[in-house]
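> File model-v2.pdb follows (PDB, C-alpha atoms):
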```pdb
ATOM      1  CA  MET O   1      91.334 106.721 117.790
ATOM      2  CA  GLY O   2      93.076 110.024 117.224
ATOM      3  CA  ALA O   3      94.780 110.982 113.999
ATOM      4  CA  THR O   4      97.522 108.548 113.053
ATOM      5  CA  LYS O   5     100.996 110.008 113.391
ATOM      6  CA  THR O   6     102.814 110.601 110.133
ATOM      7  CA  LEU O   7     105.950 108.729 109.173
ATOM      8  CA  ASP O   8     107.941 111.954 109.638
ATOM      9  CA  GLU O   9     106.603 112.419 113.174
ATOM     10  CA  LEU O  10     107.424 108.839 114.050
ATOM     11  CA  ASN O  11     110.893 109.011 112.504
ATOM     12  CA  ASP O  12     111.576 112.233 114.393
ATOM     13  CA  VAL O  13     110.808 110.854 117.860
ATOM     14  CA  LEU O  14     112.603 107.560 117.185
ATOM     15  CA  GLY O  15     115.612 109.468 115.844
ATOM     16  CA  GLN O  16     115.742 111.589 118.992
ATOM     17  CA  PHE O  17     115.618 108.491 121.161
ATOM     18  CA  SER O  18     118.431 106.826 119.197
ATOM     19  CA  GLN O  19     120.607 109.919 119.580
ATOM     20  CA  GLN O  20     119.897 110.044 123.303
ATOM     21  CA  ILE O  21     120.894 106.403 123.750
ATOM     22  CA  GLU O  22     124.191 107.108 121.997
ATOM     23  CA  GLN O  23     124.697 110.126 124.245
ATOM     24  CA  ILE O  24     124.046 108.034 127.368
ATOM     25  CA  ARG O  25     126.613 105.504 126.145
ATOM     26  CA  THR O  26     129.257 108.251 126.087
ATOM     27  CA  GLN O  27     128.558 109.311 129.679
ATOM     28  CA  PRO O  28     130.961 106.837 131.387
ATOM     29  CA  ASP O  29     133.814 108.497 129.490
ATOM     30  CA  GLU O  30     132.484 111.894 130.548
ATOM     31  CA  VAL O  31     132.332 110.707 134.157
ATOM     32  CA  GLU O  32     135.922 109.487 133.945
ATOM     33  CA  LYS O  33     137.056 112.800 132.510
ATOM     34  CA  LYS O  34     135.238 114.948 135.103
ATOM     35  CA  PHE O  35     136.488 112.881 138.036
ATOM     36  CA  ASN O  36     140.032 113.161 136.696
ATOM     37  CA  GLN O  37     139.574 116.923 136.515
ATOM     38  CA  ALA O  38     138.267 116.863 140.082
ATOM     39  CA  ALA O  39     141.359 114.961 141.252
ATOM     40  CA  ILE O  40     143.630 117.509 139.609
ATOM     41  CA  ALA O  41     141.643 120.418 141.048
ATOM     42  CA  MET O  42     141.698 118.916 144.537
ATOM     43  CA  SER O  43     145.436 118.218 144.389
ATOM     44  CA  ALA O  44     146.093 121.728 143.139
ATOM     45  CA  ALA O  45     143.975 123.213 145.904
ATOM     46  CA  GLU O  46     145.736 121.108 148.540
ATOM     47  CA  GLY O  47     149.166 122.010 147.245
ATOM     48  CA  GLY O  48     148.283 125.686 146.974
ATOM     49  CA  SER O  49     147.025 125.873 150.525
ATOM     50  CA  VAL O  50     150.375 124.652 151.828
ATOM     51  CA  PHE O  51     152.987 125.963 149.414
ATOM     52  CA  GLY O  52     151.309 128.858 147.670
ATOM     53  CA  ILE O  53     151.502 129.316 143.898
ATOM     54  CA  ILE O  54     154.431 126.920 143.417
ATOM     55  CA  GLY O  55     152.672 124.351 145.588
ATOM     56  CA  ALA O  56     149.527 124.634 143.460
ATOM     57  CA  ALA O  57     151.497 123.835 140.319
ATOM     58  CA  VAL O  58     153.171 120.874 142.004
ATOM     59  CA  GLY O  59     149.826 119.636 143.340
ATOM     60  CA  ALA O  60     148.224 119.868 139.881
ATOM     61  CA  ALA O  61     151.062 117.878 138.363
ATOM     62  CA  TYR O  62     150.763 115.273 141.112
ATOM     63  CA  GLY O  63     146.994 115.014 140.580
ATOM     64  CA  SER O  64     147.490 114.573 136.835
ATOM     65  CA  MET O  65     149.898 111.710 137.382
ATOM     66  CA  THR O  66     147.698 109.925 139.900
ATOM     67  CA  GLU O  67     144.222 110.637 138.422
ATOM     68  CA  ASP O  68     143.815 107.028 137.209
ATOM     69  CA  ASP O  69     144.885 105.668 140.566
ATOM     70  CA  MET O  70     142.346 107.335 142.844
ATOM     71  CA  THR O  71     141.141 105.572 145.956
ATOM     72  CA  GLY O  72     138.545 106.278 148.562
ATOM     73  CA  TYR O  73     135.737 108.744 148.114
ATOM     74  CA  LEU O  74     136.308 109.782 144.496
ATOM     75  CA  GLN O  75     137.063 106.314 143.159
ATOM     76  CA  ASP O  76     134.122 104.676 144.909
ATOM     77  CA  HIS O  77     131.616 107.240 143.703
ATOM     78  CA  LYS O  78     133.030 107.342 140.199
ATOM     79  CA  GLU O  79     132.472 103.596 139.864
ATOM     80  CA  GLU O  80     129.016 103.844 141.436
ATOM     81  CA  ILE O  81     127.927 106.451 138.898
ATOM     82  CA  LYS O  82     129.333 104.464 135.975
ATOM     83  CA  LYS O  83     127.533 101.321 137.151
ATOM     84  CA  LYS O  84     124.261 103.230 137.388
ATOM     85  CA  ILE O  85     124.691 104.480 133.825
ATOM     86  CA  GLN O  86     125.127 100.881 132.702
ATOM     87  CA  GLU O  87     122.032  99.907 134.668
ATOM     88  CA  LEU O  88     120.077 102.672 132.930
ATOM     89  CA  LEU O  89     121.136 101.383 129.518
ATOM     90  CA  GLU O  90     120.051  97.874 130.498
ATOM     91  CA  LYS O  91     116.637  99.158 131.612
ATOM     92  CA  LEU O  92     116.216 100.920 128.270
ATOM     93  CA  GLN O  93     117.277  97.912 126.182
ATOM     94  CA  ASN O  94     113.717  96.738 125.485
ATOM     95  CA  ALA O  95     112.879 100.170 124.125
ATOM     96  CA  VAL O  96     116.017 100.061 121.957
ATOM     97  CA  ASP O  97     115.078  96.600 120.651
ATOM     98  CA  GLY O  98     111.616  97.821 119.682
ATOM     99  CA  LEU O  99     112.742 100.832 117.650
ATOM    100  CA  LYS O 100     112.057  99.432 114.174
ATOM    101  CA  ALA O 101     108.604  97.991 114.857
ATOM    102  CA  PRO O 102     106.562 101.269 114.857
ATOM    103  CA  ILE O 103     107.940 102.236 111.443
ATOM    104  CA  ALA O 104     107.025  98.838 110.038
ATOM    105  CA  PHE O 105     103.525  99.058 111.523
ATOM    106  CA  LEU O 106     102.907 102.508 110.075
ATOM    107  CA  GLN O 107     104.280 101.646 106.629
ATOM    108  CA  THR O 108     102.126  98.519 106.530
ATOM    109  CA  SER O 109      99.121 100.587 107.615
ATOM    110  CA  GLU O 110      99.684 102.899 104.646
ATOM    111  CA  ASP O 111     100.073  99.911 102.311
ATOM    112  CA  TRP O 112      96.604  98.670 103.269
ATOM    113  CA  LEU O 113      95.119 102.071 102.430
ATOM    114  CA  LYS O 114      96.818 101.945  99.036
ATOM    115  CA  LEU O 115      95.335  98.498  98.453
ATOM    116  CA  LYS O 116      91.897  99.823  99.397
ATOM    117  CA  SER O 117      92.306 102.535  96.763
ATOM    118  CA  LYS O 118      93.175  99.939  94.106
ATOM    119  CA  ILE O 119      90.147  97.831  95.035
ATOM    120  CA  GLY O 120      87.984 100.956  94.814
ATOM    121  CA  GLU O 121      89.296 101.639  91.310
ATOM    122  CA  ALA O 122      88.455  98.091  90.229
ATOM    123  CA  GLN O 123      85.006  98.311  91.781
ATOM    124  CA  ASN O 124      84.238 101.617  90.082
ATOM    125  CA  ASN O 125      85.262 100.120  86.767
ATOM    126  CA  GLU O 126      82.974  97.147  87.390
ATOM    127  CA  VAL O 127      80.048  99.400  88.299
ATOM    128  CA  VAL O 128      80.442 101.422  85.095
ATOM    129  CA  ASN O 129      81.208  98.608  82.675
ATOM    130  CA  GLY O 130      79.785  95.476  84.275
ATOM    131  CA  SER O 131      76.080  96.217  84.364
ATOM    132  CA  LEU O 132      73.917  94.541  81.688
ATOM    133  CA  THR O 133      70.641  95.819  83.047
ATOM    134  CA  GLY O 134      68.416  96.869  80.169
ATOM    135  CA  TYR O 135      70.400  94.822  77.629
ATOM    136  CA  TRP O 136      70.086  91.227  78.758
ATOM    137  CA  ALA O 137      67.369  89.224  80.524
ATOM    138  CA  GLY O 138      66.548  85.597  81.250
ATOM    139  CA  ALA O 139      68.017  82.972  83.541
ATOM    140  CA  ALA O 140      71.572  83.523  82.313
ATOM    141  CA  ALA O 141      71.310  87.247  83.082
ATOM    142  CA  LEU O 142      70.088  86.461  86.577
ATOM    143  CA  LYS O 143      72.990  84.064  87.153
ATOM    144  CA  TYR O 144      75.431  86.641  85.807
ATOM    145  CA  THR O 145      73.937  89.251  88.144
ATOM    146  CA  ALA O 146      74.239  86.877  91.108
ATOM    147  CA  ALA O 147      77.916  86.243  90.335
ATOM    148  CA  ARG O 148      78.468  89.975  89.853
ATOM    149  CA  THR O 149      76.771  90.745  93.188
ATOM    150  CA  LEU O 150      79.106  88.321  94.957
ATOM    151  CA  GLN O 151      82.094  90.077  93.387
ATOM    152  CA  ASP O 152      80.788  93.469  94.470
ATOM    153  CA  THR O 153      80.131  92.198  98.004
ATOM    154  CA  ALA O 154      83.637  90.769  98.179
ATOM    155  CA  MET O 155      85.130  94.098  97.075
ATOM    156  CA  ASP O 156      83.100  95.997  99.701
ATOM    157  CA  THR O 157      84.291  93.539 102.335
ATOM    158  CA  ALA O 158      87.900  93.762 101.133
ATOM    159  CA  LYS O 159      87.822  97.566 101.404
ATOM    160  CA  SER O 160      86.364  97.293 104.898
ATOM    161  CA  ILE O 161      89.106  94.856 105.887
ATOM    162  CA  CYS O 162      91.723  97.265 104.522
ATOM    163  CA  ASP O 163      90.269 100.025 106.709
ATOM    164  CA  LYS O 164      90.279  97.833 109.819
ATOM    165  CA  LEU O 165      93.821  96.644 109.225
ATOM    166  CA  SER O 166      95.073 100.150 108.517
ATOM    167  CA  ASP O 167      93.344 101.569 111.611
ATOM    168  CA  SER O 168      94.583  98.731 113.812
ATOM    169  CA  LEU O 169      98.185  99.025 112.664
ATOM    170  CA  GLY O 170      97.972 102.809 112.945
ATOM    171  CA  ALA O 171      96.744 102.468 116.540
ATOM    172  CA  VAL O 172      99.765 100.303 117.373
ATOM    173  CA  SER O 173     102.057 102.862 115.765
ATOM    174  CA  ASN O 174     100.419 105.705 117.713
ATOM    175  CA  SER O 175     100.835 103.786 120.952
ATOM    176  CA  ALA O 176     104.526 103.396 120.193
ATOM    177  CA  TRP O 177     104.815 107.115 119.389
ATOM    178  CA  ASP O 178     103.286 108.007 122.760
ATOM    179  CA  PHE O 179     105.665 105.591 124.481
ATOM    180  CA  TYR O 180     108.843 106.948 122.864
ATOM    181  CA  SER O 181     107.728 110.577 123.181
ATOM    182  CA  ASP O 182     107.467 110.189 126.960
ATOM    183  CA  ILE O 183     110.934 108.643 127.111
ATOM    184  CA  VAL O 184     112.484 111.308 124.871
ATOM    185  CA  ASN O 185     111.126 114.162 126.994
ATOM    186  CA  ASP O 186     112.313 112.520 130.202
ATOM    187  CA  ILE O 187     115.802 111.661 128.992
ATOM    188  CA  ALA O 188     116.282 115.128 127.486
ATOM    189  CA  GLY O 189     115.831 116.714 130.914
ATOM    190  CA  PHE O 190     118.054 114.102 132.537
ATOM    191  CA  LEU O 191     120.948 114.703 130.116
ATOM    192  CA  VAL O 192     120.885 118.451 130.728
ATOM    193  CA  ASP O 193     120.817 118.061 134.513
ATOM    194  CA  PHE O 194     123.413 115.272 134.475
ATOM    195  CA  ALA O 195     125.814 117.422 132.454
ATOM    196  CA  ALA O 196     125.426 120.153 135.078
ATOM    197  CA  ALA O 197     126.171 117.639 137.854
ATOM    198  CA  LEU O 198     129.329 116.473 136.071
ATOM    199  CA  GLY O 199     130.337 120.108 135.704
ATOM    200  CA  LYS O 200     130.174 120.494 139.490
ATOM    201  CA  ILE O 201     132.224 117.333 139.981
ATOM    202  CA  ALA O 202     135.017 118.687 137.768
ATOM    203  CA  THR O 203     135.472 121.836 139.856
ATOM    204  CA  GLY O 204     136.884 120.095 142.915
ATOM    205  CA  VAL O 205     135.202 122.628 145.183
ATOM    206  CA  ALA O 206     131.646 121.499 144.390
ATOM    207  CA  THR O 207     132.567 117.871 143.709
ATOM    208  CA  PRO O 208     130.559 116.357 146.620
ATOM    209  CA  PHE O 209     127.452 118.260 145.513
ATOM    210  CA  GLY O 210     127.919 117.172 141.913
ATOM    211  CA  ILE O 211     128.337 113.544 142.968
ATOM    212  CA  SER O 212     125.170 113.696 145.043
ATOM    213  CA  ASP O 213     123.250 115.310 142.171
ATOM    214  CA  ALA O 214     124.505 112.738 139.655
ATOM    215  CA  ILE O 215     123.531 109.783 141.841
ATOM    216  CA  ASP O 216     120.084 111.248 142.568
ATOM    217  CA  LEU O 217     119.457 111.962 138.884
ATOM    218  CA  LEU O 218     120.442 108.444 137.873
ATOM    219  CA  ALA O 219     118.277 106.907 140.590
ATOM    220  CA  LYS O 220     115.284 108.899 139.323
ATOM    221  CA  ILE O 221     115.780 108.133 135.636
ATOM    222  CA  ILE O 222     116.353 104.422 136.388
ATOM    223  CA  LYS O 223     113.069 104.331 138.310
ATOM    224  CA  ASN O 224     111.381 106.035 135.375
ATOM    225  CA  ALA O 225     112.935 103.492 133.021
ATOM    226  CA  VAL O 226     111.213 100.760 135.014
ATOM    227  CA  ASP O 227     107.951 102.650 134.500
ATOM    228  CA  TYR O 228     108.741 102.778 130.777
ATOM    229  CA  SER O 229     108.707  98.978 130.792
ATOM    230  CA  LYS O 230     105.186  99.066 132.194
ATOM    231  CA  LYS O 231     104.143 101.504 129.472
ATOM    232  CA  LEU O 232     105.781  99.265 126.892
ATOM    233  CA  ALA O 233     103.722  96.374 128.240
ATOM    234  CA  SER O 234     100.635  98.537 127.766
ATOM    235  CA  ALA O 235     101.692  99.319 124.198
ATOM    236  CA  LEU O 236     102.174  95.619 123.532
ATOM    237  CA  LEU O 237      98.705  94.955 124.949
ATOM    238  CA  THR O 238      97.338  97.462 122.444
ATOM    239  CA  GLU O 239      99.216  95.554 119.768
ATOM    240  CA  LYS O 240      97.689  92.264 120.907
ATOM    241  CA  ARG O 241      94.162  93.698 120.934
ATOM    242  CA  ASN O 242      94.580  95.065 117.446
ATOM    243  CA  ILE O 243      96.027  91.828 116.136
ATOM    244  CA  ASN O 244      92.879  90.143 117.452
ATOM    245  CA  THR O 245      90.822  92.729 115.574
ATOM    246  CA  ILE O 246      92.778  91.974 112.405
ATOM    247  CA  VAL O 247      92.259  88.235 112.793
ATOM    248  CA  SER O 248      88.555  88.710 113.452
ATOM    249  CA  ALA O 249      88.188  90.975 110.410
ATOM    250  CA  THR O 250      89.754  88.428 108.084
ATOM    251  CA  GLU O 251      88.004  85.281 109.313
ATOM    252  CA  ASN O 252      84.852  84.214 107.399
ATOM    253  CA  ALA O 253      84.517  87.644 105.841
ATOM    254  CA  LYS O 254      81.251  88.383 104.037
ATOM    255  CA  GLY O 255      81.457  87.403 100.384
ATOM    256  CA  PHE O 256      84.458  85.094 100.927
ATOM    257  CA  HIS O 257      83.003  81.584 101.188
ATOM    258  CA  ASP O 258      85.607  79.243 102.697
ATOM    259  CA  ASP O 259      87.885  82.294 102.857
ATOM    260  CA  ARG O 260      88.196  82.382  99.074
ATOM    261  CA  TRP O 261      87.446  85.132  96.588
ATOM    262  CA  PRO O 262      84.114  84.326  94.900
ATOM    263  CA  ASP O 263      84.230  82.817  91.414
ATOM    264  CA  SER O 264      83.372  85.371  88.756
ATOM    265  CA  ARG O 265      81.955  82.670  86.439
ATOM    266  CA  SER O 266      78.680  80.756  86.448
ATOM    267  CA  ASP O 267      78.602  77.156  85.209
ATOM    268  CA  ALA O 268      74.848  76.790  85.611
ATOM    269  CA  PHE O 269      74.105  77.216  81.886
ATOM    270  CA  ASN O 270      75.584  76.086  78.561
ATOM    271  CA  ILE O 271      76.912  78.986  76.558
ATOM    272  CA  ASN O 272      77.087  76.807  73.417
ATOM    273  CA  ASN O 273      73.387  76.092  73.375
ATOM    274  CA  PRO O 274      71.653  79.370  73.974
ATOM    275  CA  ASN O 275      67.882  79.469  74.012
ATOM    276  CA  SER O 276      65.233  82.040  74.611
ATOM    277  CA  THR O 277      64.773  80.840  78.178
ATOM    278  CA  GLU O 278      68.329  81.498  79.323
ATOM    279  CA  TRP O 279      69.430  84.105  76.825
ATOM    280  CA  GLN O 280      67.140  86.955  76.015
ATOM    281  CA  ALA O 281      68.082  90.338  74.678
ATOM    282  CA  THR O 282      65.977  93.268  75.861
TER     283      THR O 282
END
```
Could I get this file's structure written as structure tokens?


Amino acid sequence: MGATKTLDELNDVLGQFSQQIEQIRTQPDEVEKKFNQAAIAMSAAEGGSVFGIIGAAVGAAYGSMTEDDMTGYLQDHKEEIKKKIQELLEKLQNAVDGLKAPIAFLQTSEDWLKLKSKIGEAQNNEVVNGSLTGYWAGAAALKYTAARTLQDTAMDTAKSICDKLSDSLGAVSNSAWDFYSDIVNDIAGFLVDFAAALGKIATGVATPFGISDAIDLLAKIIKNAVDYSKKLASALLTEKRNINTIVSATENAKGFHDDRWPDSRSDAFNINNPNSTEWQAT
């Protein structure tokens, strides 16, 4: 697995995607505005061609009054474009719904690394202060050493589990980062090109070309949004695989008999009745 993306990197790409979704949601209003401008421009051009300068002014006024009442070519295509924008938003809804999950995965991944560090501190303390070798011998010392070994084994296992959980959650987060990065790059290009298409529509002269461009751009991005769903399915498959890894790592872990932390005590001798067999200073 490659290096896990940082929280800042993840927040950045998710923030860009959120902003893009909000920008897409404003596009129907932009479409309405540009088509209204096209109606005014067309009316002005028609009036000007017949009555000259005065006719152009009259035509513009007429277009302004009737811009919300368009029929035929402009109205049909305006509604088609707005419907396609809505379709695009619907195709992207799964990606919108999944926005918070990568952050949670990455934060949890970091939490497991912090826990590993705490376990390491405890284990180092035990190594330095828990050894009685050279001071104590006999059966009791052996039983103490056995209990201590189980504790040490459990701590090694716990640190290993922390690593596996952190890596697995980080892999899920990375998969999500790849997924949203692809979307962000694609939508960024679409928004630039779509704005240019709307600009053509507003001119009146290039309106048919702008309409054609807008419809083609939406058809392409909608198709890509369907592909995003496939990539999301792949990301979810990565999530499932890593959840299986997590489950496997935590089941019957070495040093955890019956999935419990080993007892640090030994009841195999009576501390109140020491004898030279069980208790022997060295």

> Smallest atom-to-atom distance to O:Met155: which of O:Asn11, O:Ser181, O:Ser175, O:Ser117, using only C-alpha atoms?

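Between O:Asn11, O:Ser181, O:Ser175, O:Ser117, the residue approaching O:Met155 most closely is O:Ser117.
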
> What is the distance between atom CA of O:Pro28 and atom CA of O:Lys82, in Å to one decimal?

5.4 Å

> Using only C-alpha atoms, list the residues that have an atom at most 8 Å from (93.9, 99.1, 118.8), coordinates as in the file, as a PyMOL selection string.

chain O and resi 167-169+171-172+238-239+241-242+245

> Suppose a student applies the PyMOL selection byres ((chain O and resi 113) around 12) to this structure; what residues should they get, written as a PyMOL selection string?

chain O and resi 106-112+114-120+158-170

> Between O:Val127, O:Ile183, O:Ala122, O:Val205, which residue has the minimum interatomic distance to O:Val96, considering all atoms listed in the file?

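The answer is O:Ile183, which sits nearest to O:Val96.
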
> For atom CA of O:Met42 and atom CA of O:Leu217, quote the distance in Å rounded to one decimal.

24.0 Å

> For stretch 86-91 of chain O, please output as an MDAnalysis selection string all residues within 8 Å (counting all atoms listed in the file; exclusion window: fewer than 6 positions along the same chain).

chainID O and resid 21 24:25 218 221:222 225:226 229

> Do you know which residues the PyMOL selection byres ((chain O and resi 23) around 12) returns on this file, as a count of residues only?

23

> Kindly list the centre and edge lengths in Å, rounded to one decimal, for the axis-aligned box that covers all listed atoms of stretch 107-117 of chain O plus 4 Å on each of its six sides, as lines of an AutoDock Vina configuration file.


```
center_x = 98.1
center_y = 100.7
center_z = 102.2
size_x = 20.4
size_y = 12.4
size_z = 18.9
```

> How many Å lie between atom CA of O:Gly199 and atom CA of O:Asp186, rounded to one decimal?

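The value is 20.3 Å.
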
> Run through the PyMOL selection byres ((chain O and resi 254) around 9) on the given coordinates and return the selected residues as an mmCIF file with C-alpha atoms, keeping the file's coordinate frame.


```cif
data_model
loop_
_atom_site.group_PDB
_atom_site.id
_atom_site.type_symbol
_atom_site.label_atom_id
_atom_site.label_comp_id
_atom_site.auth_asym_id
_atom_site.auth_seq_id
_atom_site.Cartn_x
_atom_site.Cartn_y
_atom_site.Cartn_z
ATOM 1 C CA THR O 153 80.131 92.198 98.004
ATOM 2 C CA ALA O 154 83.637 90.769 98.179
ATOM 3 C CA ASP O 156 83.100 95.997 99.701
ATOM 4 C CA THR O 157 84.291 93.539 102.335
ATOM 5 C CA ASN O 252 84.852 84.214 107.399
ATOM 6 C CA ALA O 253 84.517 87.644 105.841
ATOM 7 C CA GLY O 255 81.457 87.403 100.384
ATOM 8 C CA PHE O 256 84.458 85.094 100.927
ATOM 9 C CA HIS O 257 83.003 81.584 101.188
#
```

> Closest to O:Gln123 among O:Asp152, O:Asp258, O:Asp193, O:Glu79, using only C-alpha atoms?

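The answer is O:Asp152, which sits nearest to O:Gln123.
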
> Neighbouring residues of O:Arg148 were defined as those with any atom within 10 Å, considering all atoms listed in the file; residues of the same chain fewer than 4 positions away were excluded. Please report them as a compact mmCIF listing (two decimals) with C-alpha atoms, keeping the file's coordinate frame.


```txt
# COMPACT_ATOMS: atom_id res chain seq x y z
CA GLU O 126 82.97 97.15 87.39
CA VAL O 127 80.05 99.40 88.30
CA GLY O 130 79.78 95.48 84.28
CA SER O 131 76.08 96.22 84.36
CA LEU O 142 70.09 86.46 86.58
CA LYS O 143 72.99 84.06 87.15
CA TYR O 144 75.43 86.64 85.81
CA ASP O 152 80.79 93.47 94.47
CA THR O 153 80.13 92.20 98.00
CA ALA O 154 83.64 90.77 98.18
CA PRO O 262 84.11 84.33 94.90
CA ASP O 263 84.23 82.82 91.41
CA SER O 264 83.37 85.37 88.76
CA ARG O 265 81.96 82.67 86.44
CA SER O 266 78.68 80.76 86.45
```
